[in-house]
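Step one of this worksheet: look at the structure below.
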Amino acid sequence: MGKNIFSQKQFHDEAAARQWFEDARWPTGVYCPKCGSLEPYKTKKTGVYRCKAKECRKDFTVMTGTVMERSHAKLTQWAVAFTMGCASKKGFSAHQLHRQLGCQYNTAWFLHHRVMEAMRQGGLDLPPMGGKGEIVEADETYFGGVESAKMRTATTSGRKFTKSGKGGPSQKRAIVTLVERHGKVRSFHIPRADKATVAKIVTDNIHHESRLHTDQSRLYTSVGEMFGEHETVNHSQKEYARDDVHVNSAEGYFSIFKRGMRGVYQHCSEKHLHRYLAEFDFRYNHREALGFDDEARTVAAIKAGEGKRLTYHQAG
Ligand SMILES: [Zn+2]
């Protein structure tokens with residue numbers, strides 16, 4: 001993220017910010033967010049359009065039907081929030097936004113969470129990852145501390161799954177990530193790193209004809225049998241790659257995530273961890289290698305904010 005990026009007009013001029021958001025959301029022309037009609041007209045009120053369709057007649061702005069709806073923040077503030085979330089590899093925090101905007105912390109917190117919500121991918125309607133003969137890596141890691149006893153990472157017998165067999169991650173938050181080789185990522189914060197939980201994530205998300213690559217963790221032994229191929233690397237034998245078999249993409253993702261969380265997010269409460277993962281997933285899935293520069297990534301996030309709203313309102 002260039003130092004002078006915030007000298008651009010959309011970050012301090014409300015009309016320019018509105019135009020910037022309209023260009024991102026409606027690149028081929030304004031349409032009604034309620035009925036899809038392509039013939040809205042401008043009303044006398046700044047930024048307000050009215051749908052021409054007889055049975056609709058909805059008034060709307062560029063914020064309607066997006067994560068920005070019913071917010072009192074300025075569009076210039078939203079522009080800074082979206083840009084901070086998308087133009088930095090490490091992501092951003094409410095604290096950084098608070099400093100940049102000079103606004104109240106609560107406002108920054110709210111903007112930050114709504115931008116993260118825009119960046120969250122859909123649920124079960126996502127297409128399966130991989131495909132016939134394509135490689136998908138699955139791997140897990142542990143991060144931060146857990147806050148409640150029932151969130152502890154252990155099997156029902158209390159035995160913990162670990163990479164090396166030593167130490168225990170029971171006080172840490174478990175994360176599973178799936179990465180297509182040279183493609184996209186999906187990450188999950190799971191309450192328990194046990195076989196059933198991991199198997200469900202893997203089978204729900206990965207095409208069964210894919211080549212599944214994991215390490216030799218017992219978490220993947222049974223679920224591996226449900227795939228075209230299941231190939232493993234033996235990390236305990238210091239084997240990190242064998243021909244094209246490895247989980248280096250997953251480990252690369254984890255290192256970006258952990259570095260970003262260390263540098264930026266000092267107070268990520270566990271209940272929000274999945275949102276932070278979604279944010280890192282979004283940037284990874286819109287990275288330069290996949291054809292997105294900072295601007296294209298920001299526009300993608302604004303577009304992705306359509307049709308989403310948050311259901312919680314408290315800071316923390
Ligand atoms: Zn309409």
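Ordering of the structure tokens sets the chain letters (A, B, ...), residue numbers begin anew at 1 in every chain, and ligands are numbered from 1 in the order given.
For ligand 1, the set of protein, DNA and RNA residues within 7 Å, based on only C-alpha atoms and all ligand atoms, reads A:Cys32, A:Pro33, A:Lys34, A:Cys35, A:Gly36, A:Ser37, A:Cys51, A:Lys52, A:Ala53, A:Cys56, A:Arg57, A:Lys58.
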task = For range 237-253 of chain A, work out the shell of residues within 7 Å, counting only C-alpha atoms and skipping chain neighbours fewer than 3 positions away, then give it as a PyMOL selection string.
result = chain A and resi 137-139+177-179+181+213-214+231-234+256-257
Export N, CA, C and O atoms of the chosen residues as a PDB file, in the first residue's frame?
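Saved the output as part-v2.pdb:
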```pdb
ATOM      1  N   GLU A 137      -4.662 -29.212  -1.267  1.00  0.00           N
ATOM      2  CA  GLU A 137      -3.964 -29.490  -0.013  1.00  0.00           C
ATOM      3  C   GLU A 137      -4.886 -29.214   1.171  1.00  0.00           C
ATOM      4  O   GLU A 137      -5.662 -28.268   1.132  1.00  0.00           O
ATOM      5  N   ALA A 138      -4.795 -30.043   2.177  1.00  0.00           N
ATOM      6  CA  ALA A 138      -5.515 -29.788   3.432  1.00  0.00           C
ATOM      7  C   ALA A 138      -4.497 -29.829   4.564  1.00  0.00           C
ATOM      8  O   ALA A 138      -3.642 -30.712   4.603  1.00  0.00           O
ATOM      9  N   ASP A 139      -4.582 -28.872   5.464  1.00  0.00           N
ATOM     10  CA  ASP A 139      -3.629 -28.847   6.574  1.00  0.00           C
ATOM     11  C   ASP A 139      -4.262 -28.089   7.733  1.00  0.00           C
ATOM     12  O   ASP A 139      -5.205 -27.327   7.535  1.00  0.00           O
ATOM     13  N   THR A 177      -7.191 -25.414   6.819  1.00  0.00           N
ATOM     14  CA  THR A 177      -7.268 -24.711   5.550  1.00  0.00           C
ATOM     15  C   THR A 177      -7.168 -25.684   4.388  1.00  0.00           C
ATOM     16  O   THR A 177      -6.497 -26.713   4.483  1.00  0.00           O
ATOM     17  N   LEU A 178      -7.895 -25.385   3.330  1.00  0.00           N
ATOM     18  CA  LEU A 178      -7.867 -26.163   2.095  1.00  0.00           C
ATOM     19  C   LEU A 178      -7.377 -25.225   1.002  1.00  0.00           C
ATOM     20  O   LEU A 178      -7.889 -24.115   0.868  1.00  0.00           O
ATOM     21  N   VAL A 179      -6.371 -25.663   0.245  1.00  0.00           N
ATOM     22  CA  VAL A 179      -5.821 -24.799  -0.808  1.00  0.00           C
ATOM     23  C   VAL A 179      -5.677 -25.583  -2.105  1.00  0.00           C
ATOM     24  O   VAL A 179      -5.046 -26.638  -2.122  1.00  0.00           O
ATOM     25  N   ARG A 181      -3.894 -26.197  -5.508  1.00  0.00           N
ATOM     26  CA  ARG A 181      -2.560 -25.875  -5.998  1.00  0.00           C
ATOM     27  C   ARG A 181      -2.664 -24.768  -7.054  1.00  0.00           C
ATOM     28  O   ARG A 181      -3.410 -24.905  -8.022  1.00  0.00           O
ATOM     29  N   HIS A 213      -3.837 -33.775  -0.871  1.00  0.00           N
ATOM     30  CA  HIS A 213      -2.487 -33.805  -0.301  1.00  0.00           C
ATOM     31  C   HIS A 213      -2.534 -33.328   1.152  1.00  0.00           C
ATOM     32  O   HIS A 213      -3.057 -32.252   1.434  1.00  0.00           O
ATOM     33  N   THR A 214      -1.991 -34.155   2.037  1.00  0.00           N
ATOM     34  CA  THR A 214      -1.926 -33.787   3.458  1.00  0.00           C
ATOM     35  C   THR A 214      -0.589 -34.277   4.018  1.00  0.00           C
ATOM     36  O   THR A 214       0.168 -34.959   3.323  1.00  0.00           O
ATOM     37  N   GLU A 231      -2.464 -38.473  -1.128  1.00  0.00           N
ATOM     38  CA  GLU A 231      -1.011 -38.601  -1.022  1.00  0.00           C
ATOM     39  C   GLU A 231      -0.534 -37.778   0.164  1.00  0.00           C
ATOM     40  O   GLU A 231      -1.016 -36.675   0.397  1.00  0.00           O
ATOM     41  N   THR A 232       0.421 -38.336   0.891  1.00  0.00           N
ATOM     42  CA  THR A 232       0.862 -37.657   2.110  1.00  0.00           C
ATOM     43  C   THR A 232       2.377 -37.452   2.110  1.00  0.00           C
ATOM     44  O   THR A 232       3.117 -38.207   1.487  1.00  0.00           O
ATOM     45  N   VAL A 233       2.792 -36.416   2.806  1.00  0.00           N
ATOM     46  CA  VAL A 233       4.219 -36.249   3.077  1.00  0.00           C
ATOM     47  C   VAL A 233       4.431 -36.492   4.566  1.00  0.00           C
ATOM     48  O   VAL A 233       3.582 -36.162   5.388  1.00  0.00           O
ATOM     49  N   ASN A 234       5.564 -37.081   4.862  1.00  0.00           N
ATOM     50  CA  ASN A 234       5.852 -37.474   6.231  1.00  0.00           C
ATOM     51  C   ASN A 234       6.751 -36.438   6.898  1.00  0.00           C
ATOM     52  O   ASN A 234       7.971 -36.534   6.873  1.00  0.00           O
ATOM     53  N   ILE A 256       1.410 -16.404   6.131  1.00  0.00           N
ATOM     54  CA  ILE A 256       0.866 -15.058   5.848  1.00  0.00           C
ATOM     55  C   ILE A 256      -0.136 -14.672   6.931  1.00  0.00           C
ATOM     56  O   ILE A 256      -0.130 -13.573   7.472  1.00  0.00           O
ATOM     57  N   PHE A 257      -1.011 -15.621   7.266  1.00  0.00           N
ATOM     58  CA  PHE A 257      -2.049 -15.362   8.262  1.00  0.00           C
ATOM     59  C   PHE A 257      -1.429 -15.007   9.623  1.00  0.00           C
ATOM     60  O   PHE A 257      -1.780 -14.005  10.237  1.00  0.00           O
TER      61      PHE A 257
END
```
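Between CA of Ser217 in chain A and CA of Phe282 in chain A the separation is 27.1 Å.
Of the residues listed (A:Phe6, A:Phe60, A:Tyr142, A:Phe82), A:Phe82 shows the shortest atom-to-atom separation from Ala108 in chain A; distances use only C-alpha atoms.
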request  = Write out as a PyMOL selection string each polymer residue whose atoms come within 12 Å of range 287-292 of chain A, counting only C-alpha atoms; drop sequence neighbours fewer than 4 positions from it.
outcome  = chain A and resi 86-89+182-185+253+280-283+296-301
Those residues you just picked out, can you put them in a file as a PDB file, in the first residue's frame with N, CA, C and O atoms?
```
ATOM      1  N   CYS A  86      -7.942  -4.032   1.564  1.00  0.00           N
ATOM      2  CA  CYS A  86      -7.630  -4.724   0.312  1.00  0.00           C
ATOM      3  C   CYS A  86      -6.244  -4.416  -0.234  1.00  0.00           C
ATOM      4  O   CYS A  86      -5.697  -5.207  -0.987  1.00  0.00           O
ATOM      5  N   ALA A  87      -5.698  -3.286   0.098  1.00  0.00           N
ATOM      6  CA  ALA A  87      -4.453  -2.879  -0.542  1.00  0.00           C
ATOM      7  C   ALA A  87      -3.224  -3.233   0.290  1.00  0.00           C
ATOM      8  O   ALA A  87      -2.104  -2.942  -0.097  1.00  0.00           O
ATOM      9  N   SER A  88      -3.434  -3.848   1.426  1.00  0.00           N
ATOM     10  CA  SER A  88      -2.297  -4.275   2.230  1.00  0.00           C
ATOM     11  C   SER A  88      -2.351  -5.785   2.374  1.00  0.00           C
ATOM     12  O   SER A  88      -3.397  -6.356   2.644  1.00  0.00           O
ATOM     13  N   LYS A  89      -1.222  -6.424   2.183  1.00  0.00           N
ATOM     14  CA  LYS A  89      -1.178  -7.885   2.259  1.00  0.00           C
ATOM     15  C   LYS A  89      -1.535  -8.368   3.662  1.00  0.00           C
ATOM     16  O   LYS A  89      -2.102  -9.425   3.853  1.00  0.00           O
ATOM     17  N   HIS A 182      -1.981 -23.668  -6.842  1.00  0.00           N
ATOM     18  CA  HIS A 182      -2.004 -22.475  -7.703  1.00  0.00           C
ATOM     19  C   HIS A 182      -3.393 -21.833  -7.764  1.00  0.00           C
ATOM     20  O   HIS A 182      -3.697 -21.100  -8.701  1.00  0.00           O
ATOM     21  N   GLY A 183      -4.263 -22.141  -6.807  1.00  0.00           N
ATOM     22  CA  GLY A 183      -5.624 -21.629  -6.889  1.00  0.00           C
ATOM     23  C   GLY A 183      -6.078 -20.978  -5.604  1.00  0.00           C
ATOM     24  O   GLY A 183      -5.350 -20.210  -4.974  1.00  0.00           O
ATOM     25  N   LYS A 184      -7.295 -21.308  -5.210  1.00  0.00           N
ATOM     26  CA  LYS A 184      -7.943 -20.595  -4.118  1.00  0.00           C
ATOM     27  C   LYS A 184      -7.874 -21.336  -2.796  1.00  0.00           C
ATOM     28  O   LYS A 184      -7.580 -22.527  -2.754  1.00  0.00           O
ATOM     29  N   VAL A 185      -8.210 -20.605  -1.748  1.00  0.00           N
ATOM     30  CA  VAL A 185      -8.121 -21.139  -0.393  1.00  0.00           C
ATOM     31  C   VAL A 185      -9.470 -21.020   0.306  1.00  0.00           C
ATOM     32  O   VAL A 185     -10.274 -20.134  -0.015  1.00  0.00           O
ATOM     33  N   TYR A 253       0.134 -20.169   3.268  1.00  0.00           N
ATOM     34  CA  TYR A 253      -1.047 -19.408   3.699  1.00  0.00           C
ATOM     35  C   TYR A 253      -1.001 -19.164   5.208  1.00  0.00           C
ATOM     36  O   TYR A 253      -1.229 -18.044   5.681  1.00  0.00           O
ATOM     37  N   PHE A 280      -8.420 -12.900   5.294  1.00  0.00           N
ATOM     38  CA  PHE A 280      -7.161 -13.368   4.702  1.00  0.00           C
ATOM     39  C   PHE A 280      -7.436 -14.265   3.492  1.00  0.00           C
ATOM     40  O   PHE A 280      -6.702 -14.225   2.505  1.00  0.00           O
ATOM     41  N   ASP A 281      -8.481 -15.072   3.570  1.00  0.00           N
ATOM     42  CA  ASP A 281      -8.858 -15.896   2.411  1.00  0.00           C
ATOM     43  C   ASP A 281      -9.173 -15.007   1.210  1.00  0.00           C
ATOM     44  O   ASP A 281      -8.757 -15.280   0.092  1.00  0.00           O
ATOM     45  N   PHE A 282      -9.922 -13.944   1.457  1.00  0.00           N
ATOM     46  CA  PHE A 282     -10.321 -13.058   0.366  1.00  0.00           C
ATOM     47  C   PHE A 282      -9.096 -12.469  -0.339  1.00  0.00           C
ATOM     48  O   PHE A 282      -9.007 -12.481  -1.563  1.00  0.00           O
ATOM     49  N   ARG A 283      -8.166 -11.967   0.459  1.00  0.00           N
ATOM     50  CA  ARG A 283      -6.967 -11.374  -0.170  1.00  0.00           C
ATOM     51  C   ARG A 283      -6.172 -12.431  -0.926  1.00  0.00           C
ATOM     52  O   ARG A 283      -5.674 -12.190  -2.022  1.00  0.00           O
ATOM     53  N   ALA A 296      -8.268  -3.664  -8.330  1.00  0.00           N
ATOM     54  CA  ALA A 296      -9.219  -4.719  -8.708  1.00  0.00           C
ATOM     55  C   ALA A 296      -9.685  -5.499  -7.477  1.00  0.00           C
ATOM     56  O   ALA A 296     -10.845  -5.896  -7.372  1.00  0.00           O
ATOM     57  N   ARG A 297      -8.775  -5.682  -6.537  1.00  0.00           N
ATOM     58  CA  ARG A 297      -9.119  -6.388  -5.300  1.00  0.00           C
ATOM     59  C   ARG A 297     -10.120  -5.563  -4.481  1.00  0.00           C
ATOM     60  O   ARG A 297     -11.081  -6.097  -3.914  1.00  0.00           O
ATOM     61  N   THR A 298      -9.912  -4.253  -4.426  1.00  0.00           N
ATOM     62  CA  THR A 298     -10.818  -3.379  -3.678  1.00  0.00           C
ATOM     63  C   THR A 298     -12.207  -3.364  -4.307  1.00  0.00           C
ATOM     64  O   THR A 298     -13.223  -3.465  -3.607  1.00  0.00           O
ATOM     65  N   VAL A 299     -12.254  -3.258  -5.634  1.00  0.00           N
ATOM     66  CA  VAL A 299     -13.541  -3.286  -6.336  1.00  0.00           C
ATOM     67  C   VAL A 299     -14.245  -4.621  -6.073  1.00  0.00           C
ATOM     68  O   VAL A 299     -15.458  -4.664  -5.824  1.00  0.00           O
ATOM     69  N   ALA A 300     -13.486  -5.709  -6.083  1.00  0.00           N
ATOM     70  CA  ALA A 300     -14.079  -7.031  -5.826  1.00  0.00           C
ATOM     71  C   ALA A 300     -14.698  -7.084  -4.433  1.00  0.00           C
ATOM     72  O   ALA A 300     -15.765  -7.674  -4.231  1.00  0.00           O
ATOM     73  N   ALA A 301     -14.045  -6.457  -3.453  1.00  0.00           N
ATOM     74  CA  ALA A 301     -14.575  -6.462  -2.083  1.00  0.00           C
ATOM     75  C   ALA A 301     -15.862  -5.642  -2.000  1.00  0.00           C
ATOM     76  O   ALA A 301     -16.819  -6.031  -1.333  1.00  0.00           O
TER      77      ALA A 301
END
```
message = Between CA of Arg173 in chain A and CA of Lys271 in chain A, what is the distance in Å, rounded to a tenth?
response = 10.5 Å
inquiry  = as a PyMOL selection string, please: every residue in range 5-166 of chain A that a backbone DSSP assignment puts in strand (DSSP E).
reply    = chain A and resi 41-42+49-50+59-60+135-145
Contacts of Lys195 in chain A at 8 Å (only C-alpha atoms; same-chain gap of 6+ positions) as a ChimeraX atom specification = /A:218-220
Print the selection's residues with C-alpha atoms to a file, as a short mmCIF file (atom, residue, chain, number, x, y, z; two decimals), in the first residue's frame.
```cif
data_model
loop_
_atom_site.label_atom_id
_atom_site.label_comp_id
_atom_site.auth_asym_id
_atom_site.auth_seq_id
_atom_site.Cartn_x
_atom_site.Cartn_y
_atom_site.Cartn_z
CA ARG A 218 -4.36 -39.28 11.56
CA LEU A 219 -6.96 -36.61 10.99
CA TYR A 220 -6.95 -37.34 7.26
#
```
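Between CA of Met226 in chain A and CA of Arg192 in chain A the separation is 21.4 Å.
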query = Neighbours of Leu212 in chain A within 8 Å (only C-alpha atoms; same-chain residues fewer than 6 positions away dropped), as a PyMOL selection string?
reply = chain A and resi 135-138+224+227-231
Give me a file of those residues, with all heavy atoms, as an mmCIF file, in the first residue's frame.
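The result, written out as again_36.cif:
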```cif
data_model
loop_
_atom_site.group_PDB
_atom_site.id
_atom_site.type_symbol
_atom_site.label_atom_id
_atom_site.label_comp_id
_atom_site.auth_asym_id
_atom_site.auth_seq_id
_atom_site.Cartn_x
_atom_site.Cartn_y
_atom_site.Cartn_z
ATOM 1 N N ILE A 135 -4.949 -31.020 -7.708
ATOM 2 C CA ILE A 135 -4.443 -31.147 -6.337
ATOM 3 C C ILE A 135 -5.116 -30.136 -5.404
ATOM 4 O O ILE A 135 -5.221 -28.958 -5.729
ATOM 5 C CB ILE A 135 -2.917 -30.909 -6.300
ATOM 6 C CG1 ILE A 135 -2.199 -31.989 -7.127
ATOM 7 C CG2 ILE A 135 -2.408 -30.881 -4.867
ATOM 8 C CD1 ILE A 135 -0.730 -31.678 -7.388
ATOM 9 N N VAL A 136 -5.590 -30.640 -4.258
ATOM 10 C CA VAL A 136 -6.035 -29.747 -3.180
ATOM 11 C C VAL A 136 -5.303 -30.172 -1.910
ATOM 12 O O VAL A 136 -5.301 -31.349 -1.554
ATOM 13 C CB VAL A 136 -7.556 -29.810 -2.945
ATOM 14 C CG1 VAL A 136 -7.961 -28.815 -1.859
ATOM 15 C CG2 VAL A 136 -8.320 -29.523 -4.238
ATOM 16 N N GLU A 137 -4.662 -29.212 -1.267
ATOM 17 C CA GLU A 137 -3.964 -29.490 -0.013
ATOM 18 C C GLU A 137 -4.886 -29.214 1.171
ATOM 19 O O GLU A 137 -5.662 -28.268 1.132
ATOM 20 C CB GLU A 137 -2.734 -28.577 0.124
ATOM 21 C CG GLU A 137 -1.750 -28.687 -1.017
ATOM 22 C CD GLU A 137 -0.667 -27.607 -0.930
ATOM 23 O OE1 GLU A 137 -0.410 -27.099 0.186
ATOM 24 O OE2 GLU A 137 -0.095 -27.275 -1.978
ATOM 25 N N ALA A 138 -4.795 -30.043 2.177
ATOM 26 C CA ALA A 138 -5.515 -29.788 3.432
ATOM 27 C C ALA A 138 -4.497 -29.829 4.564
ATOM 28 O O ALA A 138 -3.642 -30.712 4.603
ATOM 29 C CB ALA A 138 -6.596 -30.841 3.656
ATOM 30 N N GLY A 224 -9.352 -39.498 3.594
ATOM 31 C CA GLY A 224 -8.520 -39.592 2.396
ATOM 32 C C GLY A 224 -8.997 -40.674 1.445
ATOM 33 O O GLY A 224 -8.840 -40.565 0.224
ATOM 34 N N PHE A 227 -11.276 -39.954 -1.669
ATOM 35 C CA PHE A 227 -10.823 -39.118 -2.790
ATOM 36 C C PHE A 227 -10.132 -39.928 -3.870
ATOM 37 O O PHE A 227 -9.682 -41.047 -3.628
ATOM 38 C CB PHE A 227 -9.902 -38.007 -2.267
ATOM 39 C CG PHE A 227 -10.689 -36.953 -1.562
ATOM 40 C CD1 PHE A 227 -11.013 -37.101 -0.215
ATOM 41 C CD2 PHE A 227 -11.195 -35.857 -2.245
ATOM 42 C CE1 PHE A 227 -11.799 -36.171 0.434
ATOM 43 C CE2 PHE A 227 -11.977 -34.923 -1.600
ATOM 44 C CZ PHE A 227 -12.284 -35.081 -0.267
ATOM 45 N N GLY A 228 -10.087 -39.350 -5.077
ATOM 46 C CA GLY A 228 -9.415 -39.973 -6.214
ATOM 47 C C GLY A 228 -8.061 -40.507 -5.804
ATOM 48 O O GLY A 228 -7.724 -41.671 -6.055
ATOM 49 N N GLU A 229 -7.296 -39.669 -5.149
ATOM 50 C CA GLU A 229 -6.015 -40.080 -4.594
ATOM 51 C C GLU A 229 -5.805 -39.330 -3.297
ATOM 52 O O GLU A 229 -6.242 -38.190 -3.171
ATOM 53 C CB GLU A 229 -4.855 -39.713 -5.536
ATOM 54 C CG GLU A 229 -4.699 -40.619 -6.741
ATOM 55 C CD GLU A 229 -3.555 -40.120 -7.626
ATOM 56 O OE1 GLU A 229 -2.389 -40.388 -7.284
ATOM 57 O OE2 GLU A 229 -3.847 -39.440 -8.618
ATOM 58 N N HIS A 230 -5.144 -39.975 -2.352
ATOM 59 C CA HIS A 230 -4.736 -39.285 -1.135
ATOM 60 C C HIS A 230 -3.239 -39.519 -0.959
ATOM 61 O O HIS A 230 -2.812 -40.650 -0.735
ATOM 62 C CB HIS A 230 -5.511 -39.800 0.087
ATOM 63 C CG HIS A 230 -5.075 -39.153 1.366
ATOM 64 N ND1 HIS A 230 -5.145 -39.763 2.591
ATOM 65 C CD2 HIS A 230 -4.552 -37.918 1.595
ATOM 66 C CE1 HIS A 230 -4.679 -38.931 3.529
ATOM 67 N NE2 HIS A 230 -4.314 -37.821 2.941
ATOM 68 N N GLU A 231 -2.464 -38.473 -1.128
ATOM 69 C CA GLU A 231 -1.011 -38.601 -1.022
ATOM 70 C C GLU A 231 -0.534 -37.778 0.164
ATOM 71 O O GLU A 231 -1.016 -36.675 0.397
ATOM 72 C CB GLU A 231 -0.357 -38.105 -2.318
ATOM 73 C CG GLU A 231 -0.767 -38.949 -3.516
ATOM 74 C CD GLU A 231 -0.771 -38.166 -4.833
ATOM 75 O OE1 GLU A 231 -1.605 -37.242 -4.970
ATOM 76 O OE2 GLU A 231 0.054 -38.460 -5.691
#
```
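Among the candidates A:Thr221, A:Leu111, A:Asn285, A:Ile190, the residue lying nearest to Gln96 in chain A is A:Leu111 (atoms considered: only C-alpha atoms).
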Taking the backbone alone, and naming residues the way the document does, which bits of range 70-137 of chain A are alpha helix (DSSP H) by DSSP, as a compact mmCIF listing (two decimals) with N, CA, C and O atoms, in the first residue's frame?
```
# COMPACT_ATOMS: atom_id res chain seq x y z
N LEU A 75 -19.03 8.21 3.26
CA LEU A 75 -18.51 7.35 2.18
C LEU A 75 -16.99 7.46 2.08
O LEU A 75 -16.32 6.51 1.70
N THR A 76 -16.43 8.63 2.43
CA THR A 76 -14.97 8.76 2.42
C THR A 76 -14.36 7.81 3.45
O THR A 76 -13.31 7.22 3.21
N GLN A 77 -15.05 7.64 4.59
CA GLN A 77 -14.55 6.72 5.61
C GLN A 77 -14.64 5.27 5.13
O GLN A 77 -13.75 4.46 5.35
N TRP A 78 -15.75 4.96 4.47
CA TRP A 78 -15.89 3.62 3.90
C TRP A 78 -14.81 3.36 2.87
O TRP A 78 -14.27 2.24 2.77
N ALA A 79 -14.50 4.37 2.07
CA ALA A 79 -13.48 4.21 1.02
C ALA A 79 -12.12 3.89 1.65
O ALA A 79 -11.39 3.01 1.17
N VAL A 80 -11.79 4.57 2.74
CA VAL A 80 -10.54 4.28 3.44
C VAL A 80 -10.57 2.86 3.99
O VAL A 80 -9.61 2.10 3.86
N ALA A 81 -11.70 2.47 4.57
CA ALA A 81 -11.79 1.14 5.18
C ALA A 81 -11.63 0.03 4.13
O ALA A 81 -10.86 -0.92 4.33
N PHE A 82 -12.33 0.15 3.03
CA PHE A 82 -12.21 -0.87 1.98
C PHE A 82 -10.79 -0.92 1.42
O PHE A 82 -10.25 -2.00 1.16
N THR A 83 -10.19 0.26 1.26
CA THR A 83 -8.85 0.30 0.69
C THR A 83 -7.82 -0.29 1.65
O THR A 83 -6.95 -1.05 1.25
N MET A 84 -7.94 0.03 2.93
CA MET A 84 -7.01 -0.55 3.91
C MET A 84 -7.15 -2.06 3.96
O MET A 84 -6.17 -2.78 4.11
N GLY A 85 -8.36 -2.55 3.83
CA GLY A 85 -8.59 -3.99 3.90
C GLY A 85 -8.06 -4.73 2.68
O GLY A 85 -7.76 -5.92 2.76
N CYS A 86 -7.94 -4.03 1.56
CA CYS A 86 -7.63 -4.72 0.31
C CYS A 86 -6.24 -4.42 -0.23
O CYS A 86 -5.70 -5.21 -0.99
N ALA A 87 -5.70 -3.29 0.10
CA ALA A 87 -4.45 -2.88 -0.54
C ALA A 87 -3.22 -3.23 0.29
O ALA A 87 -2.10 -2.94 -0.10
N ALA A 94 -9.06 -2.42 13.43
CA ALA A 94 -9.89 -1.27 13.81
C ALA A 94 -9.03 -0.14 14.37
O ALA A 94 -9.32 1.03 14.15
N HIS A 95 -7.95 -0.52 15.06
CA HIS A 95 -7.07 0.50 15.64
C HIS A 95 -6.39 1.34 14.56
O HIS A 95 -6.30 2.56 14.66
N GLN A 96 -5.90 0.67 13.52
CA GLN A 96 -5.26 1.40 12.41
C GLN A 96 -6.25 2.33 11.73
O GLN A 96 -5.94 3.46 11.37
N LEU A 97 -7.45 1.81 11.54
CA LEU A 97 -8.48 2.59 10.88
C LEU A 97 -8.85 3.80 11.73
O LEU A 97 -9.02 4.91 11.23
N HIS A 98 -8.96 3.56 13.02
CA HIS A 98 -9.25 4.60 14.01
C HIS A 98 -8.20 5.71 13.92
O HIS A 98 -8.54 6.90 13.87
N ARG A 99 -6.92 5.34 13.81
CA ARG A 99 -5.85 6.34 13.70
C ARG A 99 -5.91 7.07 12.37
O ARG A 99 -5.78 8.29 12.31
N GLN A 100 -6.12 6.31 11.29
CA GLN A 100 -6.13 6.91 9.96
C GLN A 100 -7.28 7.91 9.81
O GLN A 100 -7.13 8.97 9.24
N LEU A 101 -8.45 7.53 10.33
CA LEU A 101 -9.65 8.36 10.14
C LEU A 101 -9.79 9.44 11.21
O LEU A 101 -10.49 10.42 11.01
N TYR A 105 -13.40 5.18 18.10
CA TYR A 105 -13.00 3.78 17.94
C TYR A 105 -14.18 2.89 17.55
O TYR A 105 -14.05 2.01 16.70
N ASN A 106 -15.33 3.15 18.13
CA ASN A 106 -16.51 2.33 17.81
C ASN A 106 -16.86 2.39 16.33
O ASN A 106 -17.25 1.39 15.74
N THR A 107 -16.73 3.57 15.75
CA THR A 107 -17.00 3.72 14.31
C THR A 107 -16.01 2.89 13.51
O THR A 107 -16.38 2.17 12.59
N ALA A 108 -14.74 2.98 13.89
CA ALA A 108 -13.69 2.24 13.18
C ALA A 108 -13.93 0.74 13.31
O ALA A 108 -13.80 -0.02 12.34
N TRP A 109 -14.30 0.32 14.51
CA TRP A 109 -14.56 -1.11 14.75
C TRP A 109 -15.69 -1.59 13.84
O TRP A 109 -15.63 -2.65 13.22
N PHE A 110 -16.72 -0.77 13.75
CA PHE A 110 -17.89 -1.13 12.95
C PHE A 110 -17.53 -1.21 11.46
O PHE A 110 -17.89 -2.17 10.78
N LEU A 111 -16.81 -0.21 10.96
CA LEU A 111 -16.38 -0.21 9.56
C LEU A 111 -15.52 -1.44 9.27
O LEU A 111 -15.70 -2.14 8.27
N HIS A 112 -14.59 -1.71 10.18
CA HIS A 112 -13.68 -2.83 10.00
C HIS A 112 -14.44 -4.15 9.89
O HIS A 112 -14.23 -4.94 8.98
N HIS A 113 -15.39 -4.35 10.80
CA HIS A 113 -16.13 -5.62 10.77
C HIS A 113 -17.04 -5.73 9.55
O HIS A 113 -17.24 -6.81 9.01
N ARG A 114 -17.57 -4.62 9.11
CA ARG A 114 -18.43 -4.70 7.93
C ARG A 114 -17.62 -4.96 6.66
O ARG A 114 -18.08 -5.67 5.77
N VAL A 115 -16.43 -4.38 6.60
CA VAL A 115 -15.57 -4.67 5.44
C VAL A 115 -15.17 -6.15 5.46
O VAL A 115 -15.17 -6.82 4.43
N MET A 116 -14.86 -6.66 6.65
CA MET A 116 -14.54 -8.09 6.76
C MET A 116 -15.73 -8.94 6.30
O MET A 116 -15.56 -9.97 5.65
N GLU A 117 -16.92 -8.50 6.64
CA GLU A 117 -18.12 -9.24 6.24
C GLU A 117 -18.27 -9.23 4.71
O GLU A 117 -18.63 -10.24 4.09
N ALA A 118 -17.95 -8.10 4.10
CA ALA A 118 -18.00 -8.03 2.63
C ALA A 118 -17.04 -9.05 2.02
O ALA A 118 -17.33 -9.66 1.00
N MET A 119 -15.90 -9.25 2.67
CA MET A 119 -14.87 -10.12 2.13
C MET A 119 -15.15 -11.61 2.39
O MET A 119 -14.48 -12.47 1.83
```
